[in-house]
Every structure is written in C-alpha cells, then in structure tokens.
$ cat upload-v6.csv   # CSV, C-alpha atoms
chain,number,residue,atom,x,y,z
T,289,MET,CA,126.6,33.0,229.0
T,290,ALA,CA,126.9,30.3,226.4
T,291,LYS,CA,128.9,31.0,223.3
T,292,PRO,CA,126.9,30.8,220.0
T,293,PHE,CA,127.7,27.7,217.8
T,294,LYS,CA,130.1,28.3,215.0
T,295,SER,CA,131.0,26.4,211.8
T,296,THR,CA,134.7,25.9,211.8
T,297,ARG,CA,137.1,23.7,209.8
T,298,ARG,CA,137.2,21.2,212.7
T,299,GLY,CA,133.4,21.0,212.9
T,300,ILE,CA,130.6,22.9,214.6
T,301,THR,CA,131.8,24.3,218.0
T,302,GLY,CA,129.9,25.6,220.9
T,303,ALA,CA,130.2,26.0,224.7
T,304,LEU,CA,127.7,26.1,227.5
T,305,GLU,CA,128.2,27.4,231.0
T,306,PRO,CA,128.1,24.5,233.6
T,307,GLY,CA,124.7,25.7,234.9
T,308,GLU,CA,123.3,26.0,231.4
T,309,ALA,CA,124.5,22.4,230.6
T,310,ARG,CA,122.9,21.1,233.8
T,311,LEU,CA,119.6,22.8,233.0
T,312,LEU,CA,119.5,21.6,229.5
T,313,GLY,CA,120.5,18.1,230.6
T,314,ALA,CA,117.6,18.0,233.0
T,315,LEU,CA,115.2,19.3,230.3
T,316,LEU,CA,116.4,16.6,227.8
T,317,ASP,CA,115.8,13.9,230.5
T,318,ASP,CA,112.3,15.3,231.2
T,319,VAL,CA,111.3,15.0,227.5
T,320,VAL,CA,112.8,11.4,227.5
T,321,SER,CA,110.6,10.5,230.4
T,322,MET,CA,107.5,12.0,228.7
T,323,LEU,CA,108.2,9.9,225.6
T,324,GLU,CA,109.1,6.5,227.2
T,325,PRO,CA,106.5,4.0,226.3
T,326,GLU,CA,104.4,3.0,229.3
T,327,THR,CA,104.3,-0.7,228.5
T,328,ALA,CA,106.8,-3.5,228.0
T,329,PRO,CA,107.1,-5.1,224.5
T,330,SER,CA,104.6,-7.8,223.7
T,331,GLU,CA,104.9,-11.3,225.1
T,332,ASP,CA,103.9,-12.6,221.6
T,333,PRO,CA,107.5,-13.4,220.3
T,334,LEU,CA,106.7,-12.4,216.7
T,335,ALA,CA,105.2,-9.1,217.8
T,336,ALA,CA,108.1,-8.5,220.2
T,337,LEU,CA,110.5,-9.2,217.3
T,338,VAL,CA,109.1,-6.3,215.3
T,339,GLY,CA,109.0,-4.1,218.5
T,340,MET,CA,105.2,-4.1,218.8
T,341,SER,CA,103.5,-4.3,222.2
T,342,ASP,CA,100.0,-5.3,223.0
T,343,ALA,CA,99.6,-1.6,223.8
T,344,ASP,CA,100.6,-0.5,220.3
T,345,ALA,CA,97.6,-2.3,218.9
T,346,ALA,CA,95.5,-0.3,221.4
T,347,ALA,CA,97.4,3.0,221.3
T,348,THR,CA,95.4,6.1,221.3
T,349,ALA,CA,96.3,9.7,220.7
T,350,PRO,CA,98.3,11.1,223.7
T,351,ASP,CA,96.3,12.9,226.4
T,352,ASP,CA,99.2,15.3,227.2
T,353,SER,CA,99.1,18.1,224.6
T,354,ALA,CA,102.9,18.4,224.7
T,355,VAL,CA,103.3,14.7,223.9
T,356,HIS,CA,100.6,15.0,221.2
T,357,ARG,CA,102.7,17.8,219.6
T,358,LEU,CA,105.8,15.6,219.7
T,359,LEU,CA,103.9,12.7,218.2
T,360,PRO,CA,101.3,14.4,216.0
T,361,ASP,CA,98.5,12.9,214.0
T,362,ALA,CA,99.8,12.1,210.5
T,363,VAL,CA,96.3,12.4,208.9
T,364,ARG,CA,94.0,15.4,209.3
T,365,GLY,CA,90.3,15.2,209.5
T,366,ASP,CA,90.1,11.3,209.8
T,367,ASP,CA,90.6,10.1,213.4
T,368,ASP,CA,90.3,6.4,212.5
T,369,GLU,CA,93.0,6.7,209.8
T,370,ALA,CA,95.2,8.8,212.0
T,371,LEU,CA,94.9,6.2,214.8
T,372,ALA,CA,95.6,3.2,212.5
T,373,PHE,CA,98.8,5.0,211.3
T,374,ARG,CA,99.8,5.9,214.9
T,375,ARG,CA,99.5,2.2,215.9
T,376,LEU,CA,102.0,1.2,213.2
T,377,THR,CA,104.5,4.1,213.6
T,378,GLU,CA,104.4,5.7,217.0
T,379,ARG,CA,106.7,3.3,218.9
T,380,SER,CA,109.6,3.7,216.5
T,381,LEU,CA,109.1,7.5,216.4
T,382,ARG,CA,109.2,7.6,220.2
T,383,GLU,CA,112.4,5.5,220.1
T,384,GLN,CA,114.0,7.7,217.5
T,385,LYS,CA,113.3,10.8,219.5
T,386,ILE,CA,114.5,9.3,222.8
T,387,GLY,CA,117.7,8.3,221.0
T,388,ALA,CA,118.3,11.9,219.8
T,389,LEU,CA,117.5,13.3,223.3
T,390,ARG,CA,119.8,10.9,225.1
T,391,GLY,CA,122.6,11.3,222.5
T,392,SER,CA,122.3,15.1,222.9
T,393,ALA,CA,122.5,14.8,226.7
T,394,LEU,CA,125.9,13.1,226.2
T,395,LEU,CA,127.1,15.7,223.6
T,396,ILE,CA,126.5,18.7,225.9
T,397,GLU,CA,128.6,17.1,228.6
T,398,SER,CA,131.7,18.1,226.6
T,399,ASN,CA,132.8,21.6,227.1
T,400,PRO,CA,133.6,23.0,224.6
T,401,MET,CA,131.6,20.9,222.1
T,402,THR,CA,133.0,20.0,218.7
T,403,LEU,CA,130.3,18.4,216.7
T,404,ASN,CA,130.2,16.7,213.3
T,405,HIS,CA,127.2,17.3,211.0
T,406,ASP,CA,125.2,14.3,212.3
T,407,GLN,CA,125.8,15.2,215.9
T,408,ALA,CA,124.8,18.8,215.3
T,409,ARG,CA,121.6,17.7,213.5
T,410,LEU,CA,120.8,15.4,216.4
T,411,LEU,CA,121.2,18.2,218.9
T,412,ALA,CA,119.1,20.6,216.8
T,413,GLN,CA,116.3,18.0,216.7
T,414,ALA,CA,116.5,17.5,220.5
T,415,LEU,CA,116.5,21.2,221.2
T,416,ASN,CA,113.5,21.5,219.0
T,417,ASP,CA,111.6,18.9,221.0
T,418,VAL,CA,112.5,20.6,224.2
T,419,ARG,CA,111.2,23.9,222.8
T,420,LEU,CA,107.9,22.2,221.7
T,421,VAL,CA,107.3,21.0,225.2
T,422,LEU,CA,108.2,24.3,226.8
T,423,ALA,CA,106.0,26.1,224.3
T,424,ASP,CA,103.1,23.9,225.2
T,425,ARG,CA,103.6,24.5,228.9
T,426,LEU,CA,103.7,28.3,228.2
T,427,SER,CA,100.6,28.0,226.0
T,428,ILE,CA,102.3,29.5,222.9
T,429,GLU,CA,99.6,29.1,220.4
T,430,SER,CA,100.2,32.1,218.1
T,431,GLU,CA,103.1,34.1,216.8
T,432,GLU,CA,101.9,37.0,219.0
T,433,ASP,CA,102.2,34.7,222.1
T,434,ALA,CA,105.8,33.9,221.0
T,435,GLU,CA,106.6,37.6,220.4
T,436,ARG,CA,105.3,38.6,223.8
T,437,LEU,CA,107.7,36.1,225.5
T,438,HIS,CA,110.7,37.2,223.5
T,439,GLU,CA,110.8,40.3,225.8
T,440,ILE,CA,111.9,38.1,228.8
T,441,ALA,CA,115.6,37.9,228.1
T,442,ASP,CA,117.2,38.5,231.4
T,443,SER,CA,116.9,37.0,234.9
T,444,LYS,CA,115.9,40.4,236.1
T,445,ASP,CA,112.7,40.0,234.2
T,446,VAL,CA,111.8,36.8,236.1
T,447,GLU,CA,108.8,37.3,238.4
T,448,ASN,CA,107.2,33.8,238.6
T,449,VAL,CA,107.3,30.3,237.2
T,450,GLU,CA,105.9,31.4,233.9
T,451,SER,CA,108.5,34.1,233.3
T,452,TYR,CA,111.2,31.7,234.4
T,453,LEU,CA,110.0,29.1,231.8
T,454,ALA,CA,109.9,31.9,229.2
T,455,LEU,CA,113.5,32.8,230.0
T,456,VAL,CA,114.5,29.2,229.6
T,457,TYR,CA,112.5,28.9,226.3
T,458,ASN,CA,114.2,32.0,224.9
T,459,PHE,CA,117.6,30.7,225.9
T,460,ILE,CA,117.0,27.4,224.1
T,461,THR,CA,115.6,29.2,221.1
T,462,TRP,CA,118.7,31.3,220.9
T,463,LEU,CA,120.9,28.2,221.2
T,464,GLN,CA,119.0,26.3,218.5
T,465,GLU,CA,119.0,29.3,216.2
T,466,SER,CA,122.8,29.6,216.5
T,467,LEU,CA,123.2,25.9,215.9
T,468,VAL,CA,121.0,25.9,212.8
T,469,GLN,CA,122.8,28.9,211.4
T,470,ALA,CA,126.1,27.0,211.9
T,471,LEU,CA,124.6,23.9,210.2
T,472,LEU,CA,123.3,26.0,207.3
T,473,LYS,CA,126.7,27.6,206.9
T,474,ALA,CA,128.5,24.2,207.1
T,475,SER,CA,126.1,22.6,204.5
T,476,LYS,CA,126.7,25.6,202.1
T,477,LEU,CA,130.4,25.1,202.3
T,478,GLN,CA,130.0,21.4,201.4
T,479,ARG,CA,128.2,22.2,198.1
N,155,MET,CA,107.0,29.7,212.7
N,156,THR,CA,109.2,32.1,214.6
N,157,VAL,CA,112.3,34.0,213.8
N,158,GLY,CA,115.3,33.4,215.9
N,159,PHE,CA,116.5,36.6,217.5
N,160,ALA,CA,120.1,35.5,217.9
N,161,THR,CA,121.3,36.3,214.4
N,162,GLY,CA,119.7,38.2,211.6
N,163,THR,CA,118.0,36.3,208.8
N,164,ASP,CA,116.9,38.1,205.7
N,165,THR,CA,114.0,35.9,204.9
N,166,GLN,CA,112.0,38.8,203.5
N,167,GLU,CA,114.1,38.9,200.4
N,168,ALA,CA,113.3,35.4,199.2
N,169,VAL,CA,111.9,35.0,195.8
N,170,ARG,CA,109.0,32.6,195.4
N,171,THR,CA,109.7,29.9,192.8
N,172,ALA,CA,106.9,28.4,190.7
N,173,GLY,CA,106.0,24.8,190.5
N,174,ASN,CA,107.4,23.5,193.8
N,175,THR,CA,105.6,20.2,193.8
N,176,ASP,CA,104.7,17.8,191.1
N,177,LEU,CA,101.0,17.4,191.5
N,178,ASP,CA,100.8,14.5,189.0
N,179,GLN,CA,101.9,12.4,192.0
N,180,PRO,CA,98.9,11.0,193.8
N,181,TRP,CA,99.9,11.8,197.5
N,182,VAL,CA,101.4,14.8,199.1
N,183,VAL,CA,103.2,15.6,202.4
N,184,VAL,CA,101.8,18.8,203.9
N,185,VAL,CA,103.7,20.9,206.5
N,186,TRP,CA,101.6,23.2,208.7
N,187,ASN,CA,102.6,26.5,210.3
N,188,ASP,CA,103.2,26.6,214.0
N,189,PRO,CA,104.5,29.4,216.2
N,190,VAL,CA,107.4,27.5,217.7
N,191,ASN,CA,109.6,26.0,214.9
N,192,LEU,CA,112.3,28.4,213.7
N,193,MET,CA,112.1,29.6,210.1
N,194,SER,CA,115.8,28.8,209.8
N,195,TYR,CA,115.3,25.3,211.2
N,196,VAL,CA,112.4,24.5,208.8
N,197,SER,CA,114.5,25.6,205.8
N,198,TYR,CA,117.4,23.5,207.1
N,199,VAL,CA,115.1,20.4,207.4
N,200,PHE,CA,113.8,20.9,203.9
N,201,GLN,CA,117.4,21.1,202.6
N,202,ASN,CA,118.8,18.3,204.7
N,203,TYR,CA,116.0,15.8,204.5
N,204,PHE,CA,114.6,16.3,201.0
N,205,GLY,CA,117.9,17.6,199.5
N,206,TYR,CA,116.2,20.7,198.2
N,207,SER,CA,118.3,23.8,197.1
N,208,GLU,CA,118.5,26.7,199.6
N,209,ALA,CA,116.1,28.7,197.4
N,210,LYS,CA,113.5,26.0,197.1
N,211,ALA,CA,113.7,25.2,200.8
N,212,ARG,CA,113.2,28.8,201.7
N,213,SER,CA,110.3,29.4,199.3
N,214,LEU,CA,108.5,26.3,200.7
N,215,MET,CA,109.2,27.5,204.3
N,216,LEU,CA,107.8,30.9,203.5
N,217,GLU,CA,104.7,29.3,202.0
N,218,VAL,CA,104.1,27.4,205.2
N,219,HIS,CA,104.6,30.6,207.2
N,220,GLU,CA,102.4,32.8,205.1
N,221,GLU,CA,99.7,30.4,203.8
N,222,GLY,CA,99.6,28.3,206.9
N,223,ARG,CA,100.4,25.1,205.0
N,224,SER,CA,102.4,23.9,202.0
N,225,ALA,CA,102.6,20.6,200.1
N,226,VAL,CA,106.3,20.1,200.3
N,227,ALA,CA,106.8,16.7,198.6
N,228,SER,CA,104.7,14.2,196.7
N,229,GLY,CA,104.8,10.5,195.6
N,230,THR,CA,103.3,7.2,196.4
N,231,ARG,CA,101.4,6.7,199.6
N,232,GLU,CA,104.3,4.6,201.0
N,233,LYS,CA,106.8,7.5,200.3
N,234,VAL,CA,104.7,10.2,201.8
N,235,GLU,CA,104.0,8.1,204.9
N,236,GLN,CA,107.7,7.7,205.3
N,237,ASP,CA,108.4,11.4,204.8
N,238,THR,CA,105.7,12.4,207.3
N,239,VAL,CA,107.2,10.3,210.0
N,240,ALA,CA,110.7,11.6,209.2
N,241,LEU,CA,109.4,15.2,209.5
N,242,HIS,CA,107.8,14.3,212.8
N,243,SER,CA,111.2,13.1,214.0
N,244,TYR,CA,112.4,16.6,213.3
N,245,GLY,CA,109.5,18.1,215.2
N,246,LEU,CA,107.7,19.6,212.2
N,247,TRP,CA,103.9,19.4,212.1
N,248,ALA,CA,103.3,17.3,209.0
N,249,THR,CA,100.5,15.2,207.6
N,250,PHE,CA,99.9,13.3,204.4
N,251,GLU,CA,96.9,13.4,202.1
N,252,LYS,CA,95.7,12.7,198.5
N,253,ALA,CA,97.0,15.3,196.1
N,254,GLY,CA,94.3,17.9,195.3
N,255,SER,CA,92.2,17.2,198.4
N,256,GLU,CA,92.7,20.8,199.6
$ encode --input "upload-v6.csv" --output "structure tokens"
Amino acid sequence: MAKPFKSTRRGITGALEPGEARLLGALLDDVVSMLEPETAPSEDPLAALVGMSDADAAATAPDDSAVHRLLPDAVRGDDDEALAFRRLTERSLREQKIGALRGSALLIESNPMTLNHDQARLLAQALNDVRLVLADRLSIESEEDAERLHEIADSKDVENVESYLALVYNFITWLQESLVQALLKASKLQR
Amino acid sequence: MTVGFATGTDTQEAVRTAGNTDLDQPWVVVVWNDPVNLMSYVSYVFQNYFGYSEAKARSLMLEVHEEGRSAVASGTREKVEQDTVALHSYGLWATFEKAGSE
C-alpha cells in the first residue's frame, strides 16, 4: 500500500507501490487522450500563431459528460454566451490540463517522490481530474452516491467492474487527500 | 463536496466570517457544490489561487458545501473570466455572472 504524502523539510514526500504507480500512470494517460484536441491547429498562419484552429471557432460543448465536467460551461443559463466563451478559452484549458497530467505521470515514476510545492500542486490538480472522470463513469451525482462507494475499500469487496472502479476511485481520493493535507501543512509553515 | 477519509478534518468547527465578497464590484465568480471535489482541496485552491487566509478559504468552502454555491471573488468582467478559467484548471465547477443576478 502507498505511503501517505508528508510535508518534510526537504519537500513533500510520498511513495507508491509499483502496481499503484502503473495504474495511476495509465489513468493519467487515459485522461490526456480524452482531452487531446481532435483537430490540428488552423492553416491560417495568424490563427495558428495564437493557437486557434478552425475547429475552435466551431467548438461545441463536449458530448462526453466526463469531458464536459473537465471543461465546464463558464456561464450558466446562457448557452450562446457559454459557447462563445468556450471558443476563446477551451483550447488553452485543455493544454493546461494535459500539461499537468503529463507532468504528473513523470513525477510518479520516481519512488519515493520528493516534490516541491509547484510539483505537488500539479499532481493534486491531475489527481482531481482523474477523480472527476472516474466519478462520472461511476455516476456519482450526489453526496449519498459518494458515501455509498466509500465502503468499497478492499480488493475483497470487488465483485464487478463497477466495484473495481470504486476501489480505484477511493484509492485516488485517499491519495489526493493526503497530498492536499501535506500541501496545506507546508503552506501554513511558510506563513 | 466530499470529505477525504484518509485523515481527519475538523471542518465542523469553522466560524463563518461576514462580508466575504465585495459586492460593489460588477462581476462575481461563483463556485458550485459537487460531490467529488474534496473539502480540503477546495480550501487549498481558495488559499493558493486567491491568496485567502485559511479562515476565509474555509468559510467560503463551507458556504459552497452548505448553500450549493458561493460567490468567491469579484471584479471586472476580464478578471472574473480569468479566475473562472483558472478554477476550471483546478477542476472546480465555477461560473461567472453579474453581481446580484442571483
């Protein structure tokens, strides 16, 4: 079992078992592939320069509910306004998230990990995105749904794909919670 | 939001502070409750991104959790647009709107 993250004088430390690191690495890759834009940058040189593609101008809200949760509407109750904003900002948000996910995949290759604050923050963001995707696949829509899944904490409880996913979700939740506690402790010491 | 079960958090003891947001500003950033994001993580994001104190971050986090939404920052339209995208990069469910539209 992984060791919880700790705030130390050298930085934030943590250690995953090899199997846990492989699993988490695969999940980080999965989320990257969900977020990768489907189209190449625009052939219009000026648009390409600012990272716009012809598809950005025609972007629509994502069909996959998990991708929609990763890239949510920034305006509520006004679809036109939300879409106009999405066309201006979605590509850079996708790229930012992909950067955090890929960076985290590299960080977890070290065992044990010793992270500075920025690296730990990046990993916390990436773990959060993985949890958002798993939660969507597990149809966690209310706090009661989340509570129910908390009970699956051991491989003995796994009976099917859903309970396996729940076990993975609970593990990543535990990992993120310990990382955030270490981050909060480290920021408190800095003040 | 959800409570991480790895380590104990004593969020129940937080004291609500008055006057979290300056509603003289024309636009606000709203964070919505969801069952996935950890309470500790949401507090951390409010401290780290907005530079809020631990107490202010916690009281805004609890407002999101209990009321379903909270206006967590305000300013010009340009600023709240930027804040909203930044919160999306952290995975928070955020929107922006004109102040007082709720």
$ closest_residue --input "upload-v6.csv" --among "T:Ile428, T:Ala349, T:Ile460, T:Leu315" --to "chain N" --atoms "only C-alpha atoms"
T:Ile428
$ interface_residues --input "upload-v6.csv" --of "chain T" --to "chain N" --cutoff "6 Å" --atoms "only C-alpha atoms" --output "NGL selection string"
:T and (362-363 or 413 or 430-431 or 462 or 465 or 468)
$ atom_distance --input "upload-v6.csv" --atom1 "atom CA of T:Ala354" --atom2 "atom CA of T:Val421"
5.1 Å
$ atom_distance --input "upload-v6.csv" --atom1 "atom CA of T:Leu304" --atom2 "atom CA of T:Asp424"
24.8 Å
$ atom_distance --input "upload-v6.csv" --atom1 "atom CA of T:Ala414" --atom2 "atom CA of T:Gly365"
28.5 Å
$ closest_residue --input "upload-v6.csv" --among "N:Ala253, N:Leu241, N:Val185, N:Ala209" --to "N:Glu221" --atoms "all atoms listed in the file"
N:Val185
$ residues_around --input "upload-v6.csv" --residues "T:Leu410" --least-positions-apart "6" --cutoff "8 Å" --atoms "all atoms listed in the file" --output "list in words"
Ala388, Leu389, Gly391 and Ser392 of chain T
$ residues_near_point --input "upload-v6.csv" --point "(131.8, 21.0, 203.4)" --cutoff "12 Å" --atoms "only C-alpha atoms" --output "list in words"
Ser295, Thr296, Arg297, Arg298, Gly299, Ile300, Asn404, His405, Ala470, Leu471, Leu472, Lys473, Ala474, Ser475, Lys476, Leu477, Gln478 and Arg479 of chain T
$ closest_residue --input "upload-v6.csv" --among "T:Asp317, T:Thr402, T:Met322, T:Thr377" --to "T:Leu358" --atoms "only C-alpha atoms"
T:Met322
